[in-house]
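*Asks:* Quick one: this structure, given as structure tokens, is what I'll be asking you about.
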Amino acid sequence: MNLEETLISVWRQTLMEGVSAVTIESRSYRVQRTSRSKLREVDFEFEGQMLRGLEQNPQTDSRWAQLAREGSKVMQFLVAKRYIAAVVDGKVQFYGHAADWVVNRLQQK
């Protein structure tokens with residue numbers, strides 16, 4: 001699986017299927033809830049790099065939160081505390097410089 005397919009798979013398993021653990025290439029990663037907002041989050045590995053998928057908080061002022069309030073399933077993805085992408089209703093949107101940064105880090109491995 002490439003990065004885009006992996007992010008969609010994590011999004012689908014976490015937000016659509018509601019699993020307690022996400023499976024990526026035969027490895028399992030536990031889905032947890034954030035302490036304050038009780039949002040779903042999952043830490044997982046992709047090509048040796050740790051990523052985090054975080055359910056969008058609908059109570060913030062972002063455009064992603066607006067979509068979540070309107071019923072869309074939104075998950076943000078981070079690497080080293082940098083937002084790199086969002087999956088909204090099964091479609092990935094990479095963030096320009098952050099996505100380039102991730103691709104460069106993955107290619108260095």
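Just so we're on the same page: first chain in the structure tokens is A, next is B, and so on; residues restart at 1 for each chain, and ligands are numbered from 1 in the order they show up.
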Using only C-alpha atoms, determine which residues lie at most 8 Å from range 3-9 of chain A, disregarding the query and same-chain residues fewer than 2 positions distant; provide the list as a PDB file with C-alpha atoms, in the first residue's frame.
*Replies:*
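Result saved to result-v6.pdb:
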ATOM      1  CA  MET A   1       0.000   0.000   0.000  1.00  0.00           C
ATOM      2  CA  TRP A  11      -9.693   6.539   8.198  1.00  0.00           C
ATOM      3  CA  ARG A  12     -12.120   3.826   7.037  1.00  0.00           C
ATOM      4  CA  GLN A  13     -11.310   1.371   9.812  1.00  0.00           C
ATOM      5  CA  ILE A  24      -2.110  -2.292   8.354  1.00  0.00           C
ATOM      6  CA  PHE A  46       4.291   3.592   7.615  1.00  0.00           C
ATOM      7  CA  PHE A  77      -2.882  12.931   9.902  1.00  0.00           C
ATOM      8  CA  VAL A  87      -9.116  12.407   4.775  1.00  0.00           C
ATOM      9  CA  GLY A  90     -12.672   8.784   1.866  1.00  0.00           C
ATOM     10  CA  LYS A  91     -10.723  11.398  -0.105  1.00  0.00           C
ATOM     11  CA  VAL A  92      -7.182  12.457   0.807  1.00  0.00           C
TER      12      VAL A  92
END
*Asks:* If DSSP is run on the backbone, what residues of range 16-62 of chain A are strand (DSSP E or B)? A reply as an MDAnalysis selection string would be ideal.
*Replies:* chainID A and resid 21:24 27:33 40:46 49:55
*Asks:* Could you dump the residues just selected with C-alpha atoms as a PDB file, in the first residue's frame?
*Replies:*
ATOM      1  CA  ALA A  21      -7.604  -1.695  16.471  1.00  0.00           C
ATOM      2  CA  VAL A  22      -6.525  -0.728  12.952  1.00  0.00           C
ATOM      3  CA  THR A  23      -4.745  -3.362  10.866  1.00  0.00           C
ATOM      4  CA  ILE A  24      -2.110  -2.292   8.354  1.00  0.00           C
ATOM      5  CA  ARG A  27       0.201  -5.209  12.071  1.00  0.00           C
ATOM      6  CA  SER A  28      -2.376  -4.024  14.545  1.00  0.00           C
ATOM      7  CA  TYR A  29      -2.545  -0.554  16.127  1.00  0.00           C
ATOM      8  CA  ARG A  30      -4.930   0.303  18.962  1.00  0.00           C
ATOM      9  CA  VAL A  31      -7.487   3.079  18.496  1.00  0.00           C
ATOM     10  CA  GLN A  32      -7.627   5.294  21.571  1.00  0.00           C
ATOM     11  CA  ARG A  33      -9.695   8.269  22.708  1.00  0.00           C
ATOM     12  CA  ARG A  40     -10.508   8.811  18.230  1.00  0.00           C
ATOM     13  CA  GLU A  41      -6.799   8.649  17.501  1.00  0.00           C
ATOM     14  CA  VAL A  42      -4.428   5.972  16.323  1.00  0.00           C
ATOM     15  CA  ASP A  43      -0.634   5.898  16.122  1.00  0.00           C
ATOM     16  CA  PHE A  44       0.720   3.695  13.352  1.00  0.00           C
ATOM     17  CA  GLU A  45       3.839   3.044  11.334  1.00  0.00           C
ATOM     18  CA  PHE A  46       4.291   3.592   7.615  1.00  0.00           C
ATOM     19  CA  GLN A  49       7.851   6.532  10.106  1.00  0.00           C
ATOM     20  CA  MET A  50       5.352   6.975  12.949  1.00  0.00           C
ATOM     21  CA  LEU A  51       2.115   8.742  12.022  1.00  0.00           C
ATOM     22  CA  ARG A  52      -0.963   9.695  13.987  1.00  0.00           C
ATOM     23  CA  GLY A  53      -4.516   9.745  12.713  1.00  0.00           C
ATOM     24  CA  LEU A  54      -6.760  12.091  14.703  1.00  0.00           C
ATOM     25  CA  GLU A  55     -10.510  12.442  14.361  1.00  0.00           C
TER      26      GLU A  55
END
*Asks:* Taking into account only C-alpha atoms, which residue in the set A:Val88, A:Val19, A:Leu39, A:Val10 is nearest to Lys73 in chain A?
*Replies:*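 Distance minimum relative to Lys73 in chain A lands on A:Val88.
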